[in-house]
$ cat query38.tsv   # TSV, C-alpha atoms
chain	number	residue	atom	x	y	z
A	1	GLN	CA	-16.88	6.60	17.58
A	2	GLN	CA	-19.97	8.25	16.10
A	3	ILE	CA	-17.77	10.17	13.68
A	4	PHE	CA	-16.17	6.95	12.45
A	5	LEU	CA	-19.55	5.25	12.09
A	6	ARG	CA	-20.62	8.07	9.80
A	7	TYR	CA	-17.24	8.04	8.06
A	8	GLN	CA	-17.33	4.37	7.12
A	9	GLN	CA	-20.76	4.88	5.56
A	10	LEU	CA	-19.52	7.86	3.55
A	11	ILE	CA	-16.61	5.78	2.23
A	12	LYS	CA	-19.04	3.04	1.16
A	13	ASP	CA	-21.29	5.60	-0.54
A	14	ASN	CA	-18.33	7.11	-2.43
A	15	LEU	CA	-16.26	3.98	-3.04
A	16	LYS	CA	-16.59	4.16	-6.84
A	17	GLU	CA	-15.56	7.81	-6.91
A	18	ILE	CA	-12.49	7.22	-4.73
A	19	SER	CA	-11.52	4.25	-6.91
A	20	LYS	CA	-11.70	6.40	-10.05
A	21	LEU	CA	-9.36	8.94	-8.48
A	22	ILE	CA	-6.87	6.18	-7.66
A	23	THR	CA	-6.98	4.79	-11.19
A	24	TYR	CA	-6.64	8.27	-12.69
A	25	GLU	CA	-3.51	9.09	-10.69
A	26	GLN	CA	-1.89	5.73	-9.96
A	27	GLY	CA	-2.92	3.73	-13.03
A	28	LYS	CA	-4.12	0.49	-11.43
A	29	THR	CA	-7.28	-1.12	-12.76
A	30	LEU	CA	-10.62	-0.03	-11.34
A	31	ALA	CA	-11.16	-3.46	-9.79
A	32	ASP	CA	-7.78	-3.23	-8.07
A	33	ALA	CA	-8.53	0.34	-6.95
A	34	GLU	CA	-11.82	-0.76	-5.40
A	35	GLY	CA	-9.91	-3.42	-3.47
A	36	ASP	CA	-7.51	-0.69	-2.34
A	37	VAL	CA	-10.41	1.30	-0.84
A	38	PHE	CA	-12.15	-1.75	0.60
A	39	ARG	CA	-9.08	-2.92	2.54
A	40	GLY	CA	-8.79	0.54	4.07
A	41	LEU	CA	-12.50	0.60	4.84
A	42	GLN	CA	-12.08	-2.56	6.93
A	43	VAL	CA	-9.72	-0.67	9.24
A	44	VAL	CA	-12.19	2.21	9.56
A	45	GLU	CA	-14.87	-0.32	10.52
A	46	HIS	CA	-12.51	-1.71	13.15
A	47	ALA	CA	-11.99	1.82	14.48
A	48	CYS	CA	-15.75	1.99	15.07
A	49	SER	CA	-15.54	-0.92	17.50
A	50	VAL	CA	-12.12	-0.40	19.05
A	51	THR	CA	-13.22	1.81	21.92
A	52	SER	CA	-13.88	-1.09	24.28
A	53	LEU	CA	-10.40	-2.46	23.53
A	54	ILE	CA	-8.59	0.68	24.68
A	55	LEU	CA	-10.07	0.91	28.14
A	56	GLY	CA	-7.71	0.92	31.10
A	57	GLU	CA	-7.67	-1.79	33.74
A	58	THR	CA	-8.30	-1.81	37.47
A	59	MET	CA	-7.07	-4.50	39.87
A	60	PRO	CA	-8.37	-3.87	43.39
A	61	SER	CA	-6.79	-5.35	46.50
A	62	ILE	CA	-3.86	-7.05	44.80
A	63	THR	CA	-2.30	-6.95	48.26
A	64	LYS	CA	-3.09	-5.24	51.54
A	65	ASP	CA	-3.99	-1.58	51.04
A	66	MET	CA	-2.97	-1.68	47.36
A	67	ASP	CA	-4.98	-1.28	44.16
A	68	THR	CA	-3.53	-0.82	40.65
A	69	TYR	CA	-4.92	1.26	37.84
A	70	THR	CA	-3.74	1.46	34.23
A	71	TYR	CA	-4.66	4.21	31.80
A	72	ARG	CA	-4.23	4.43	28.05
A	73	LEU	CA	-3.51	8.02	27.09
A	74	PRO	CA	-3.13	9.63	23.64
A	75	LEU	CA	0.40	10.50	22.55
A	76	GLY	CA	-0.61	13.82	20.99
A	77	VAL	CA	0.30	14.60	17.40
A	78	CYS	CA	1.07	11.57	15.20
A	79	ALA	CA	2.14	11.52	11.56
A	80	GLY	CA	1.91	9.15	8.63
A	81	ILE	CA	3.98	8.92	5.44
A	82	ALA	CA	2.35	6.85	2.69
A	83	PRO	CA	3.66	5.43	-0.62
A	84	PHE	CA	2.19	5.76	-4.11
A	85	ASN	CA	1.00	2.20	-4.64
A	86	PHE	CA	-1.99	2.17	-2.25
A	87	PRO	CA	-3.30	5.75	-2.12
A	88	ALA	CA	-6.38	4.90	-0.01
A	89	MET	CA	-5.61	1.71	1.91
A	90	ILE	CA	-2.40	2.77	3.63
A	91	PRO	CA	-3.58	6.21	4.83
A	92	LEU	CA	-6.69	4.44	6.13
A	93	TRP	CA	-4.42	2.07	8.04
A	94	MET	CA	-2.91	5.07	9.78
A	95	PHE	CA	-5.04	8.04	10.74
A	96	PRO	CA	-8.33	6.32	11.76
A	97	MET	CA	-6.65	4.14	14.42
A	98	ALA	CA	-4.51	6.99	15.73
A	99	MET	CA	-7.44	9.37	15.91
A	100	VAL	CA	-9.95	7.02	17.51
A	101	CYS	CA	-7.34	6.63	20.25
A	102	GLY	CA	-7.48	10.38	20.86
A	103	ASN	CA	-4.53	11.66	18.83
A	104	THR	CA	-4.48	14.32	16.15
A	105	PHE	CA	-2.85	13.36	12.86
A	106	LEU	CA	-0.63	14.82	10.14
A	107	MET	CA	-0.75	12.76	6.93
A	108	LYS	CA	1.69	13.04	4.03
A	109	PRO	CA	0.53	11.22	0.90
A	110	SER	CA	2.87	10.41	-1.95
A	111	GLU	CA	3.30	13.54	-4.04
A	112	ARG	CA	2.41	11.37	-7.06
A	113	VAL	CA	-1.08	10.38	-5.86
A	114	PRO	CA	-2.59	12.94	-3.47
A	115	GLY	CA	-6.13	12.98	-4.88
A	116	ALA	CA	-7.65	9.99	-3.11
A	117	LEU	CA	-6.43	11.10	0.32
A	118	MET	CA	-7.72	14.64	-0.20
A	119	PHE	CA	-11.14	13.20	-1.03
A	120	LEU	CA	-11.01	10.89	2.00
A	121	ALA	CA	-10.07	13.84	4.20
A	122	LYS	CA	-13.05	15.82	2.89
A	123	LEU	CA	-15.35	12.88	3.69
A	124	PHE	CA	-13.88	12.72	7.19
A	125	GLN	CA	-14.65	16.41	7.64
A	126	ASP	CA	-18.18	15.78	6.37
A	127	ALA	CA	-18.53	12.98	8.95
A	128	GLY	CA	-18.05	15.59	11.68
A	129	ALA	CA	-14.33	15.53	12.44
A	130	PRO	CA	-13.34	18.86	14.04
A	131	ASP	CA	-11.12	21.14	11.99
A	132	GLY	CA	-7.43	20.63	12.72
A	133	THR	CA	-7.70	17.04	13.93
A	134	LEU	CA	-6.66	15.60	10.56
A	135	ASN	CA	-4.13	17.62	8.61
A	136	ILE	CA	-2.54	16.98	5.20
A	137	ILE	CA	0.97	18.02	4.19
A	138	HIS	CA	2.26	17.71	0.62
A	139	GLY	CA	5.82	17.48	-0.59
A	140	GLN	CA	8.91	15.32	-0.82
A	141	HIS	CA	12.14	15.42	1.19
A	142	GLU	CA	11.50	18.69	3.04
A	143	ALA	CA	8.08	17.51	4.16
A	144	VAL	CA	9.56	14.21	5.43
A	145	ASN	CA	12.32	16.04	7.31
A	146	PHE	CA	9.76	18.35	8.87
A	147	ILE	CA	7.82	15.35	10.19
A	148	CYS	CA	10.99	13.68	11.50
A	149	ASP	CA	12.30	16.83	13.19
A	150	HIS	CA	9.29	18.71	14.58
A	151	PRO	CA	9.22	18.45	18.39
A	152	ASP	CA	5.41	18.36	18.63
A	153	ILE	CA	5.10	15.20	16.53
A	154	ARG	CA	5.36	12.24	18.89
A	155	ALA	CA	5.06	9.23	16.58
A	156	ILE	CA	5.51	8.39	12.88
A	157	SER	CA	4.07	5.56	10.82
A	158	PHE	CA	5.75	4.88	7.47
A	159	VAL	CA	5.15	2.48	4.58
A	160	GLY	CA	7.52	2.47	1.61
A	161	SER	CA	10.97	1.58	0.38
A	162	ASN	CA	13.85	0.31	2.48
A	163	GLN	CA	16.01	3.33	1.77
A	164	ALA	CA	13.35	5.83	2.80
A	165	GLY	CA	12.24	3.74	5.78
A	166	GLU	CA	15.73	3.39	7.23
A	167	TYR	CA	16.24	7.15	6.88
A	168	ILE	CA	12.93	8.01	8.56
A	169	TYR	CA	13.45	5.47	11.33
A	170	GLU	CA	16.93	6.78	12.13
A	171	ARG	CA	16.09	10.49	11.90
A	172	GLY	CA	12.76	10.23	13.69
A	173	SER	CA	14.19	8.07	16.50
A	174	ARG	CA	17.08	10.48	16.92
A	175	HIS	CA	14.48	13.15	17.75
A	176	GLY	CA	12.81	10.95	20.36
A	177	LYS	CA	9.81	9.83	18.33
A	178	ARG	CA	8.18	6.44	18.17
A	179	VAL	CA	8.67	5.23	14.60
A	180	GLN	CA	7.21	2.20	12.86
A	181	ALA	CA	8.65	1.61	9.40
A	182	ASN	CA	7.06	-1.00	7.14
A	183	MET	CA	9.52	-1.36	4.30
A	184	GLY	CA	10.04	-3.21	1.02
A	185	ALA	CA	9.81	-6.94	0.46
A	186	LYS	CA	11.24	-9.57	-1.86
A	187	ASN	CA	8.75	-12.38	-2.23
A	188	HIS	CA	9.45	-15.90	-3.44
A	189	GLY	CA	6.96	-18.62	-4.26
A	190	VAL	CA	8.10	-22.24	-4.04
A	191	VAL	CA	5.91	-24.51	-6.18
A	192	MET	CA	6.07	-28.18	-5.24
A	193	PRO	CA	5.20	-30.87	-7.80
A	194	ASP	CA	2.12	-31.99	-5.87
A	195	ALA	CA	0.53	-28.53	-5.93
A	196	ASN	CA	-2.83	-28.03	-7.65
A	197	LYS	CA	-1.69	-27.02	-11.11
A	198	GLU	CA	-4.67	-24.92	-12.21
A	199	ASN	CA	-4.92	-22.98	-8.97
A	200	THR	CA	-1.15	-22.49	-8.74
A	201	LEU	CA	-0.78	-21.06	-12.24
A	202	ASN	CA	-3.68	-18.65	-11.68
A	203	GLN	CA	-2.21	-17.53	-8.36
A	204	LEU	CA	1.27	-17.03	-9.82
A	205	VAL	CA	-0.02	-14.83	-12.63
A	206	GLY	CA	-2.15	-12.73	-10.28
A	207	ALA	CA	0.58	-12.36	-7.69
A	208	ALA	CA	3.32	-11.50	-10.19
A	209	PHE	CA	1.55	-9.04	-12.47
A	210	GLY	CA	-1.31	-7.54	-10.45
A	211	ALA	CA	-0.94	-3.76	-10.03
A	212	ALA	CA	1.87	-4.04	-12.62
A	213	GLY	CA	3.96	-5.62	-9.87
A	214	GLN	CA	4.03	-2.37	-7.87
A	215	ARG	CA	3.20	-3.70	-4.43
A	216	CYS	CA	5.16	-5.19	-1.59
A	217	MET	CA	3.39	-8.53	-1.84
A	218	ALA	CA	4.14	-8.88	-5.57
A	219	LEU	CA	5.70	-12.24	-6.36
A	220	SER	CA	8.90	-11.47	-8.25
A	221	THR	CA	10.44	-14.96	-8.04
A	222	ALA	CA	8.91	-18.40	-8.49
A	223	ILE	CA	10.94	-21.55	-7.82
A	224	LEU	CA	9.42	-24.54	-9.63
A	225	VAL	CA	10.45	-27.84	-8.06
A	226	GLY	CA	10.66	-31.13	-9.97
A	227	GLU	CA	7.72	-31.86	-12.27
A	228	ALA	CA	6.36	-28.36	-11.67
A	229	GLN	CA	9.08	-27.04	-14.01
A	230	LYS	CA	7.07	-28.48	-16.91
A	231	TRP	CA	4.32	-25.96	-16.17
A	232	LEU	CA	6.45	-23.04	-17.34
A	233	PRO	CA	5.08	-22.92	-20.93
A	234	GLU	CA	1.53	-22.76	-19.58
A	235	LEU	CA	2.52	-20.00	-17.18
A	236	VAL	CA	3.90	-18.03	-20.12
A	237	ASP	CA	0.69	-18.57	-22.12
A	238	ARG	CA	-1.47	-17.29	-19.28
A	239	ALA	CA	0.73	-14.24	-18.79
A	240	LYS	CA	0.54	-13.52	-22.54
A	241	ASN	CA	-3.24	-13.41	-22.34
A	242	LEU	CA	-3.27	-10.64	-19.74
A	243	ARG	CA	-4.63	-7.42	-21.22
A	244	VAL	CA	-2.44	-4.35	-20.77
A	245	ASN	CA	-4.44	-1.15	-20.94
A	246	ALA	CA	-5.31	2.05	-19.12
A	247	GLY	CA	-6.75	1.11	-15.75
A	248	ASP	CA	-10.16	2.65	-16.45
A	249	GLN	CA	-10.71	0.60	-19.61
A	250	PRO	CA	-13.05	-2.43	-19.43
A	251	GLY	CA	-11.21	-5.74	-19.35
A	252	ALA	CA	-7.82	-4.31	-18.36
A	253	ASP	CA	-5.74	-6.74	-16.30
A	254	LEU	CA	-2.80	-4.47	-15.60
A	255	GLY	CA	-2.17	-0.79	-16.09
A	256	PRO	CA	0.92	1.37	-16.41
A	257	LEU	CA	3.84	1.86	-14.09
A	258	ILE	CA	3.81	5.00	-11.96
A	259	SER	CA	6.35	7.06	-13.96
A	260	PRO	CA	8.71	7.07	-16.97
A	261	GLN	CA	11.57	6.52	-14.52
A	262	ALA	CA	9.90	3.39	-13.16
A	263	LYS	CA	9.45	2.04	-16.69
A	264	GLU	CA	13.08	2.77	-17.51
A	265	ARG	CA	14.23	0.95	-14.37
A	266	VAL	CA	12.12	-2.15	-15.10
A	267	CYS	CA	13.35	-2.30	-18.69
A	268	SER	CA	16.96	-1.97	-17.55
A	269	LEU	CA	16.50	-4.84	-15.08
A	270	ILE	CA	15.11	-7.04	-17.85
A	271	GLU	CA	18.10	-6.22	-20.04
A	272	LYS	CA	20.49	-6.89	-17.16
A	273	GLY	CA	18.91	-10.30	-16.58
A	274	VAL	CA	19.36	-11.25	-20.23
A	275	LYS	CA	22.97	-10.10	-20.25
A	276	GLU	CA	23.66	-12.18	-17.14
A	277	GLY	CA	22.44	-15.34	-18.85
A	278	ALA	CA	18.72	-15.64	-18.13
A	279	SER	CA	16.32	-16.87	-20.81
A	280	LEU	CA	13.71	-14.30	-21.79
A	281	LEU	CA	10.54	-16.34	-22.27
A	282	LEU	CA	8.17	-13.38	-22.39
A	283	ASP	CA	9.24	-9.80	-23.11
A	284	GLY	CA	6.83	-7.00	-22.20
A	285	ARG	CA	9.07	-4.07	-23.00
A	286	ASN	CA	7.62	-3.33	-26.43
A	287	VAL	CA	3.95	-3.48	-25.51
A	288	LYS	CA	1.87	-0.77	-27.20
A	289	VAL	CA	-1.44	0.50	-25.87
A	290	LYS	CA	-3.66	2.22	-28.40
A	291	GLY	CA	-4.24	5.84	-27.48
A	292	TYR	CA	-1.45	5.74	-24.89
A	293	GLU	CA	1.58	5.12	-27.09
A	294	LYS	CA	3.79	7.17	-24.77
A	295	GLY	CA	2.41	5.60	-21.59
A	296	ASN	CA	4.49	3.91	-18.91
A	297	PHE	CA	3.40	0.41	-19.87
A	298	VAL	CA	5.47	-2.74	-19.50
A	299	GLY	CA	3.72	-6.00	-20.28
A	300	PRO	CA	4.09	-9.27	-18.38
A	301	THR	CA	7.70	-10.47	-18.55
A	302	ILE	CA	9.13	-13.85	-17.56
A	303	LEU	CA	12.81	-14.70	-17.20
A	304	ALA	CA	13.86	-18.33	-16.74
A	305	LYS	CA	17.13	-20.03	-15.77
A	306	VAL	CA	17.92	-17.17	-13.43
A	307	LYS	CA	20.98	-17.78	-11.25
$ encode --input "query38.tsv" --output "C-alpha cells"
Amino acid sequence: QQIFLRYQQLIKDNLKEISKLITYEQGKTLADAEGDVFRGLQVVEHACSVTSLILGETMPSITKDMDTYTYRLPLGVCAGIAPFNFPAMIPLWMFPMAMVCGNTFLMKPSERVPGALMFLAKLFQDAGAPDGTLNIIHGQHEAVNFICDHPDIRAISFVGSNQAGEYIYERGSRHGKRVQANMGAKNHGVVMPDANKENTLNQLVGAAFGAAGQRCMALSTAILVGEAQKWLPELVDRAKNLRVNAGDQPGADLGPLISPQAKERVCSLIEKGVKEGASLLLDGRNVKVKGYEKGNFVGPTILAKVK
C-alpha cells in the first residue's frame, strides 16, 4: 500500500512527461493523452485503498462446534496484454490491481507504443517496488503465445480487437488460465427529436472524431430520428471546423492514425461506403497537414443515407 501511495504521487508529478510520450508515439492530442494518464491514475489511487476490501471473512459459531473462515490468496504470476490506443490507462487498469492483491505481473504493451509503459514501470521501481515484481515483455505474436502457454502464468487480462481476444481467450483457457478478454465494440447513438440540439451535436462530434476514432467507445454510427435529421448540415459544419494536426501542436483537435496501414483501411472503408450508395457529406481523405505531408492523417468524414 505504501508503494502505491508513493507511486500515485510520482504519476501526478510526471503526468505531463508521460502524456508527451503518448502523443509522440500514438499521435493523440496532448489533452487526450493527459486524460489517458488520469484515467489510469484513478485506478492506482483505488489500489491505495483496496486493502480493506480484500480481507477474508470469519463467521464464528454458525452452528454447533463450527466456524467458517475465508481467505483471499494471490494467484501468483499474472499477465496483461494492452492495445495501442491507451498506452497508459489500460496497463494501469491491470498491473496495480493485480499487484496490490499480492501477485507478480508480466505486462506486454503494444509494440507500437511501448514508451509510456516503460516510463511508468521506472516510476513504479522508484516508488519502491521490488525488482522482478513487475516485468515487461515486448513483441508481437510470439510474445502473446508465450503468455498464453507458459505454465507459471495463472491469469491473463487482455484489451484489444475481437480477433486477438478470441484467440487469447481460447489458447489461454486451453492451458488452464483465467482469462478476461475485453474486446472491440460497435457503438451507435440514437438521437431523438426532443434531444438538446447544442449539447447533442457537440457530443456527437467529440465521440465520433476524438482520438481519430481509435477507441472502443468511438461513436461510428448516429441514427437521427424525425426532426433531428435536419441537424445533419450543422453536424457537418462542426466536424469541418475540427483542426487536424500533430498531437503536440496547440489547438489540435485530432491527430493521425496509428500507421499507414490504418490510414489505408479507413480510406478503403470510405470508398466502399460510397460505392455501396452512401452520400459522402464530408471527405477527410485528402487532408494535408503542413510539415507532415506524409503523415497518417484522415480528417473528419461523414457518410449519410447508409443502409
$ closest_residue --input "query38.tsv" --among "A:Gly299, A:Pro130, A:Pro260, A:Pro87" --to "Met99 (chain A)" --atoms "all atoms listed in the file"
A:Pro130
$ residues_around --input "query38.tsv" --residues "Thr104 (chain A)" --least-positions-apart "6" --cutoff "8 Å" --atoms "all atoms listed in the file" --output "list in words"
Gly76, Val77, Cys78, Ala98, Gly132, Thr133 and Leu134 of chain A
$ residues_around --input "query38.tsv" --residues "Arg171 (chain A)" --least-positions-apart "6" --cutoff "12 Å" --atoms "only C-alpha atoms" --output "list in words"
Val144, Asn145, Phe146, Ile147, Cys148, Asp149, His150, Ile156, Ala164, Gly165, Lys177, Arg178, Val179 and Ala181 of chain A
$ closest_residue --input "query38.tsv" --among "A:Arg285, A:Lys12, A:Asp237, A:Ile22" --to "Arg265 (chain A)" --atoms "all atoms listed in the file"
A:Arg285
$ closest_residue --input "query38.tsv" --among "A:Leu120, A:Gln229, A:Asp152, A:Leu55" --to "Glu17 (chain A)" --atoms "only C-alpha atoms"
A:Leu120
$ closest_residue --input "query38.tsv" --among "A:Ala88, A:Leu280, A:Lys288, A:Arg238" --to "Ile18 (chain A)" --atoms "only C-alpha atoms"
A:Ala88
$ atom_distance --input "query38.tsv" --atom1 "CA of Leu15 (chain A)" --atom2 "CA of Cys48 (chain A)"
18.2 Å
$ residues_around --input "query38.tsv" --residues "region 61-72 of chain A" --least-positions-apart "4" --cutoff "12 Å" --atoms "all atoms listed in the file" --output "list in words"
Thr51, Ser52, Leu53, Ile54, Leu55, Gly56, Glu57, Cys101, Gly102 and Asn103 of chain A
$ write_last_selection --input "query38.tsv" --atoms "C-alpha atoms" --output "CSV table (one decimal), keeping the file's coordinate frame"
chain,number,residue,atom,x,y,z
A,51,THR,CA,-13.2,1.8,21.9
A,52,SER,CA,-13.9,-1.1,24.3
A,53,LEU,CA,-10.4,-2.5,23.5
A,54,ILE,CA,-8.6,0.7,24.7
A,55,LEU,CA,-10.1,0.9,28.1
A,56,GLY,CA,-7.7,0.9,31.1
A,57,GLU,CA,-7.7,-1.8,33.7
A,101,CYS,CA,-7.3,6.6,20.2
A,102,GLY,CA,-7.5,10.4,20.9
A,103,ASN,CA,-4.5,11.7,18.8
$ atom_distance --input "query38.tsv" --atom1 "CA of Asn296 (chain A)" --atom2 "CA of Gly255 (chain A)"
8.6 Å
